[in-house]
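Enquirer: Handing over run.txt, compact mmCIF, C-alpha atoms.
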# COMPACT_ATOMS: atom_id res chain seq x y z
CA MET A 16 27.96 -33.14 -7.45
CA LEU A 17 25.90 -30.49 -9.14
CA LEU A 18 24.39 -28.98 -6.04
CA GLY A 19 25.93 -28.33 -2.66
CA PHE A 20 23.09 -30.13 -0.98
CA PHE A 21 23.78 -33.37 -2.82
CA GLU A 22 27.49 -33.13 -2.39
CA ASP A 23 27.73 -32.38 1.29
CA TYR A 24 24.56 -33.38 3.07
CA ASN A 25 25.31 -37.08 3.43
CA LYS A 26 22.44 -37.93 5.71
CA MET A 27 19.14 -39.53 5.11
CA VAL A 28 16.10 -37.33 4.60
CA VAL A 29 13.05 -38.65 6.36
CA ASN A 30 9.47 -38.20 5.20
CA ALA A 31 9.67 -35.27 2.87
CA LYS A 32 8.58 -34.46 -0.61
CA HIS A 33 11.54 -34.23 -2.95
CA GLU A 34 11.51 -32.50 -6.25
CA PRO A 35 14.53 -31.75 -8.37
CA ILE A 36 13.72 -29.30 -11.12
CA LEU A 37 15.78 -28.94 -14.24
CA ARG A 38 15.25 -26.12 -16.61
CA ARG A 39 16.35 -26.63 -20.17
CA ALA A 40 18.53 -23.92 -21.60
CA ASN A 41 17.05 -21.74 -24.29
CA THR A 42 19.73 -22.90 -26.66
CA ASP A 43 21.77 -26.07 -27.03
CA ASN A 44 24.62 -24.26 -28.75
CA ASN A 45 26.68 -24.13 -25.57
CA ALA A 46 26.76 -27.91 -25.36
CA ILE A 47 28.18 -28.44 -28.81
CA VAL A 48 31.58 -27.85 -30.27
CA GLN A 49 31.94 -27.81 -34.01
CA THR A 50 34.94 -27.66 -36.24
CA GLU A 51 32.72 -27.35 -39.28
CA ALA A 52 29.43 -25.51 -39.19
CA GLU A 53 26.49 -27.83 -39.39
CA GLU A 54 22.93 -27.67 -38.18
CA PHE A 55 22.11 -29.95 -35.29
CA LYS A 56 19.39 -30.85 -32.89
CA VAL A 57 19.60 -32.24 -29.38
CA SER A 58 16.59 -34.27 -28.43
CA LEU A 59 16.38 -35.64 -24.93
CA ILE A 60 14.71 -39.01 -24.72
CA LYS A 61 14.66 -39.70 -21.05
CA VAL A 62 15.40 -37.92 -17.82
CA GLU A 63 15.55 -40.09 -14.78
CA TRP A 64 16.51 -39.62 -11.15
CA SER A 65 17.87 -42.66 -9.35
CA LEU A 66 17.29 -42.20 -5.69
CA PRO A 67 18.26 -44.68 -3.00
CA HIS A 68 15.45 -45.57 -0.63
CA VAL A 69 16.62 -46.67 2.78
CA ARG A 70 14.75 -49.07 4.97
CA VAL A 71 15.82 -48.94 8.59
CA ALA A 72 15.28 -51.26 11.49
CA ASP A 73 12.33 -50.61 13.75
CA HIS A 74 14.34 -49.54 16.75
CA ILE A 75 15.89 -46.80 14.61
CA LYS A 76 12.65 -45.83 12.98
CA ILE A 77 10.88 -44.87 16.19
CA PRO A 78 13.29 -42.11 17.24
CA LEU A 79 13.28 -40.90 13.64
CA LEU A 80 9.54 -40.58 13.64
CA ASN A 81 9.63 -38.81 16.98
CA LEU A 82 12.07 -36.39 15.46
CA ILE A 83 9.56 -35.54 12.80
CA LYS A 84 6.94 -34.90 15.41
CA ALA A 85 9.34 -32.48 17.04
CA ASP A 86 9.66 -30.85 13.62
CA LYS A 87 13.27 -30.01 14.18
CA THR A 88 16.21 -31.02 12.08
CA ASP A 89 19.01 -28.88 10.79
CA ALA A 90 20.44 -29.62 7.41
CA PRO A 91 23.50 -27.52 6.86
CA PHE A 92 25.10 -27.57 3.45
CA PRO A 93 27.04 -25.16 1.28
CA HIS A 94 25.27 -23.58 -1.60
CA MET A 95 26.97 -22.79 -4.84
CA ASP A 96 25.80 -20.06 -7.08
CA SER A 97 27.32 -18.61 -10.17
CA VAL A 98 27.13 -15.00 -11.11
CA ARG A 99 27.96 -13.83 -14.56
CA MET A 100 29.49 -10.56 -15.54
CA LEU A 101 29.77 -9.52 -19.11
CA PRO A 102 30.64 -5.85 -19.49
CA THR A 103 33.16 -5.02 -22.17
CA THR A 104 34.47 -1.88 -20.50
CA THR A 105 38.05 -1.69 -19.28
CA ARG A 106 37.05 -0.79 -15.71
CA HIS A 107 34.28 -2.39 -13.76
CA VAL A 108 33.28 -2.55 -10.12
CA TRP A 109 31.48 -5.82 -9.61
CA ALA A 110 28.91 -5.95 -6.83
CA VAL A 111 28.91 -9.73 -6.74
CA LYS A 112 26.22 -10.68 -4.32
CA THR A 113 24.33 -9.47 -1.31
CA SER A 114 23.47 -12.20 1.11
CA SER A 115 21.58 -12.63 4.33
CA ALA A 116 23.25 -13.25 7.68
CA LEU A 117 22.24 -16.90 7.43
CA GLU A 118 24.43 -17.55 4.45
CA GLU A 119 27.72 -15.88 3.99
CA PRO A 120 30.13 -16.34 1.13
CA ARG A 121 33.15 -18.41 2.08
CA PHE A 122 34.93 -18.99 -1.16
CA VAL A 123 34.96 -17.26 -4.48
CA ILE A 124 36.08 -19.02 -7.61
CA LEU A 125 36.74 -16.70 -10.49
CA GLY A 126 36.95 -18.04 -13.98
CA PHE A 127 37.42 -16.62 -17.40
CA LEU A 128 35.88 -18.06 -20.49
CA ARG A 129 37.44 -17.56 -23.87
CA LEU A 130 34.63 -18.86 -25.98
CA GLU A 131 31.31 -17.24 -26.48
CA PHE A 132 28.65 -18.36 -24.03
CA LEU A 133 25.08 -17.73 -24.99
CA MET B 12 63.94 -31.13 23.62
CA ARG B 13 61.30 -30.25 21.09
CA MET B 14 61.52 -33.70 19.56
CA GLU B 15 60.94 -35.32 22.88
CA LYS B 16 57.92 -33.24 23.50
CA ARG B 17 56.40 -34.13 20.19
CA LYS B 18 57.04 -37.79 20.79
CA ARG B 19 55.26 -37.69 24.07
CA VAL B 20 52.29 -35.95 22.55
CA SER B 21 51.99 -38.52 19.80
CA ASN B 22 52.20 -41.28 22.38
CA GLY B 23 49.49 -39.56 24.33
CA ASN B 24 47.27 -39.50 21.26
CA GLU B 25 47.84 -43.13 20.61
CA ASP B 26 46.94 -44.08 24.15
CA GLU B 27 43.82 -42.04 23.92
CA ALA B 28 42.77 -43.73 20.70
CA VAL B 29 43.37 -47.15 22.17
CA GLU B 30 41.32 -46.32 25.18
CA SER B 31 38.40 -44.87 23.32
CA ASP B 32 37.69 -47.42 20.62
CA GLY B 33 40.02 -50.32 21.17
CA GLU B 34 42.33 -49.64 18.27
CA THR B 35 44.25 -46.86 16.65
CA LYS B 36 42.84 -45.07 13.70
CA ASP B 37 44.58 -47.30 11.19
CA GLY B 38 43.38 -50.37 13.05
CA THR B 39 46.75 -51.99 13.64
CA ILE B 40 47.10 -52.09 17.40
CA LEU B 41 44.46 -53.78 19.48
CA SER B 42 44.11 -53.13 23.16
CA HIS B 43 44.33 -55.94 25.67
CA ASP B 44 40.60 -55.63 26.25
CA ASP B 45 39.88 -56.49 22.67
CA LEU B 46 42.25 -59.42 22.59
CA LEU B 47 40.99 -61.01 25.76
CA THR B 48 37.22 -60.67 25.57
CA ILE B 49 36.83 -64.00 23.84
CA THR B 50 33.41 -64.56 25.30
CA ALA B 51 31.99 -61.39 23.76
CA PRO B 52 28.88 -62.10 21.68
CA CYS B 53 28.71 -61.37 17.99
CA HIS B 54 27.13 -58.04 17.15
CA ARG B 55 25.57 -57.33 13.83
CA ASP B 56 24.57 -53.86 12.81
CA GLU B 57 21.19 -54.14 11.15
CA SER B 58 20.00 -50.63 11.78
CA VAL B 59 19.94 -50.04 8.05
CA SER B 60 18.22 -53.15 6.82
CA HIS B 61 17.80 -52.41 3.17
CA VAL B 62 18.75 -49.86 0.53
CA GLU B 63 17.21 -49.98 -2.88
CA ILE B 64 17.59 -47.57 -5.74
CA HIS B 65 14.44 -46.39 -7.43
CA ALA B 66 14.29 -44.47 -10.67
CA HIS B 67 11.92 -41.55 -10.66
CA GLN B 68 10.75 -39.97 -13.84
CA PRO B 69 9.02 -36.69 -14.62
CA GLN B 70 5.34 -36.76 -15.44
CA ALA B 71 4.70 -38.45 -18.74
CA SER B 72 3.37 -35.26 -20.29
CA THR B 73 6.58 -33.33 -19.62
CA SER B 74 8.31 -32.33 -22.82
CA LEU B 75 12.07 -32.04 -22.86
CA ILE B 76 12.68 -29.30 -25.40
CA ASN B 77 14.37 -25.93 -24.87
CA ASN B 78 13.07 -23.68 -22.09
CA ASP B 79 11.03 -26.46 -20.57
CA GLU B 80 10.93 -27.05 -16.87
CA ILE B 81 11.41 -30.69 -15.93
CA ARG B 82 10.11 -31.53 -12.50
CA ILE B 83 10.77 -34.95 -11.02
CA ALA B 84 8.43 -35.15 -8.08
CA VAL B 85 8.72 -37.92 -5.54
CA GLN B 86 5.21 -37.84 -4.16
CA ALA B 87 5.43 -40.60 -1.58
CA GLN B 88 6.34 -38.93 1.66
CA ASP B 89 6.70 -41.95 3.90
CA LEU B 90 10.16 -42.71 2.59
CA ASN B 91 13.64 -42.37 3.94
CA VAL B 92 15.81 -41.36 1.06
CA LEU B 93 19.44 -40.55 0.55
CA PRO B 94 19.70 -37.65 -1.91
CA SER B 95 23.47 -37.42 -1.63
CA LYS B 96 23.82 -40.81 -3.30
CA SER B 97 21.28 -40.12 -6.01
CA SER B 98 22.08 -39.50 -9.64
CA LEU B 99 20.43 -37.97 -12.65
CA HIS B 100 20.39 -39.99 -15.83
CA ILE B 101 19.84 -38.10 -19.01
CA THR B 102 19.47 -39.88 -22.30
CA GLY B 103 19.33 -38.01 -25.55
CA ARG B 104 20.27 -37.96 -29.15
CA LEU B 105 22.42 -35.54 -31.08
CA THR B 106 21.27 -35.42 -34.70
CA LYS B 107 20.75 -33.08 -37.58
CA ALA B 108 17.42 -31.30 -37.64
CA ASN B 109 16.01 -34.00 -39.93
CA GLY B 110 17.03 -36.80 -37.57
CA ILE B 111 20.03 -38.29 -39.37
CA ALA B 112 23.39 -38.59 -37.66
CA VAL B 113 25.69 -35.60 -37.46
CA ALA B 114 29.17 -35.58 -38.91
CA ALA B 115 32.13 -36.26 -36.63
CA THR B 116 32.93 -32.55 -36.64
CA THR B 117 29.97 -31.88 -34.35
CA GLN B 118 30.52 -33.11 -30.82
CA LEU B 119 29.34 -32.53 -27.30
CA VAL B 120 31.65 -30.28 -25.30
CA ASN B 121 33.26 -31.39 -22.09
CA ASN B 122 30.49 -31.73 -19.52
CA GLY B 123 28.09 -31.09 -22.37
CA ILE B 124 25.01 -32.58 -20.72
CA CYS B 125 25.05 -29.86 -18.07
CA PHE B 126 25.13 -27.18 -20.73
CA LEU B 127 21.76 -28.38 -21.94
CA PHE B 128 20.28 -27.00 -18.75
CA TYR B 129 20.10 -23.44 -17.64
CA GLU B 130 19.25 -24.05 -14.05
CA LEU B 131 18.95 -26.84 -11.52
CA ARG B 132 16.80 -26.40 -8.43
CA TYR B 133 15.94 -28.66 -5.57
CA GLU B 134 12.74 -28.41 -3.62
CA LEU B 135 12.09 -30.15 -0.34
CA ASN B 136 8.48 -30.02 0.80
CA ASP B 137 7.86 -27.42 -1.91
CA VAL B 138 10.49 -25.11 -0.45
CA GLU B 139 13.40 -24.36 -2.69
CA ILE B 140 16.54 -25.21 -0.77
CA ASP B 141 19.28 -25.19 -3.36
CA ARG B 142 19.76 -23.86 -6.81
CA SER B 143 22.50 -23.64 -9.37
CA ARG B 144 22.42 -21.58 -12.52
CA TYR B 145 24.57 -22.12 -15.58
CA VAL B 146 25.13 -25.67 -14.39
CA GLY B 147 27.61 -26.41 -17.14
CA LEU B 148 29.90 -23.66 -15.93
CA THR B 149 29.35 -23.82 -12.18
CA SER B 150 30.07 -27.48 -11.60
CA PRO B 151 33.38 -27.68 -13.48
CA MET B 152 34.59 -24.47 -11.84
CA LYS B 153 33.92 -25.96 -8.45
CA GLY B 154 35.38 -29.24 -9.64
CA TYR B 155 38.61 -27.73 -10.88
CA ALA B 156 39.10 -26.18 -7.47
CA SER B 157 38.26 -29.19 -5.34
CA LEU B 158 38.71 -32.44 -7.24
CA THR B 159 41.89 -34.35 -7.75
CA TRP B 160 43.09 -34.94 -11.26
CA SER B 161 41.93 -38.53 -11.40
CA LYS B 162 38.53 -37.81 -9.91
CA ALA B 163 37.93 -34.99 -12.35
CA HIS B 164 38.73 -37.31 -15.24
CA LEU B 165 36.57 -40.03 -13.81
CA LEU B 166 33.56 -37.77 -14.01
CA GLU B 167 33.94 -37.25 -17.77
CA ASN B 168 30.72 -35.60 -18.88
CA ALA B 169 28.90 -36.13 -15.62
CA GLY B 170 29.56 -32.98 -13.71
Just dump the structure as structure tokens.
Expert:
Amino acid sequence: MLLGFFEDYNKMVVNAKHEPILRRANTDNNAIVQTEAEEFKVSLIKVEWSLPHVRVADHIKIPLLNLIKADKTDAPFPHMDSVRMLPTTTRHVWAVKTSSALEEPRFVILGFLRLEFL
Amino acid sequence: MRMEKRKRVSNGNEDEAVESDGETKDGTILSHDDLLTITAPCHRDESVSHVEIHAHQPQASTSLINNDEIRIAVQAQDLNVLPSKSSLHITGRLTKANGIAVAATTQLVNNGICFLFYELRYELNDVEIDRSRYVGLTSPMKGYASLTWSKAHLLENAG
């Protein structure tokens, strides 16, 4: 659910190298809520990606492999990106995003956060 | 007059459905063809013969502290995989700096696991195809807009 690709591209991906990359935040303070101040530490022990491997019948496999030879598959999916704006002025014109013709913004979700986000 | 018209249209749809796949969309009405082909052989769909879930881990040397990049590479390329049904499992410990348990006043926020990460990228054949920054904020914002109440609660801290 975290990326548009995972949420909406429900098809199998054949013969490709997959690599999800997570980047740890520079602070863990955003993940913690405290009612009394206290020092804390978040230590990750394990990160694991469970990925279903699909084995298909031979008569399906052959056209799939031919498809790879043709080097042609489209994988359309929506992409979600978040843009932050943090000016404290009373007026602001927000140039949200410039995008290529290939991807065009369809929906905008605007949210306001009351707490401090680092 | 209008009612009649609508009725006819709905009938038309139903007929069409029956003709095309032998039953209506909710599967209640069978066509005569389906009822009478008693000699039809049994078909089994075995095009997908097996699905197994494998856990992939980052390289053993990867450290998981702040600002680190955690790459989980699936090197084998002769696989058919289903990324949309995959899941990330993150195990960790919330302690004081010296390792003893924190007081009950310190807790993870809603969707707290995502806030531990600044960015999530996905590379396919070394090409970046999708990326999300501020994962902890992006995914609930999208979720609030598109999930039903029960689904959103089902997710708890998972997205």
Enquirer: What lies within 10 Å of B:Glu63 using all atoms listed in the file, ignoring chain neighbours under 6 positions off, as a ChimeraX atom specification?
Expert: /A:65-70 /B:92
Enquirer: Pull out every residue of chain A that has at least one atom within 7 Å of chain B, counting all atoms listed in the file, and report them as a ChimeraX atom specification.
Expert: /A:16-18,20-22,24-43,45-51,54-72,75,94-97
Enquirer: For stretch 69-86 of chain B, what centre and edge lengths in Å (one decimal) does the axis-aligned box get once 8 Å is added on each side of all its listed atoms, as JSON?
Expert:
{"center_x": 8.9, "center_y": -31.1, "center_z": -14.8, "size_x": 27.0, "size_y": 30.8, "size_z": 37.2}
Enquirer: As an exercise, work out the distance from atom CA of B:Ser157 to atom CA of A:Val123 in Å and give it to one decimal place.
Expert: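 Separation of atom CA of B:Ser157 and atom CA of A:Val123: 12.4 Å.
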Enquirer: Work out how far atom CA of A:Val111 is from atom CA of A:Arg99, in Å to one decimal.
Expert: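 Taking atom CA of A:Arg99 as the start and atom CA of A:Val111 as the end point, the length is 8.9 Å.
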Enquirer: Please measure the separation of atom CA of A:Pro120 and atom CA of A:Val108, giving the value in Å to one decimal.
Expert: 18.1 Å
Enquirer: Nearest to A:Pro93 among A:Leu128, A:Gly19, A:Lys76, A:Glu119, with distances taken over only C-alpha atoms: which residue is it?
Expert: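 Of A:Leu128, A:Gly19, A:Lys76, A:Glu119, the one nearest A:Pro93, counting only C-alpha atoms, is A:Gly19.
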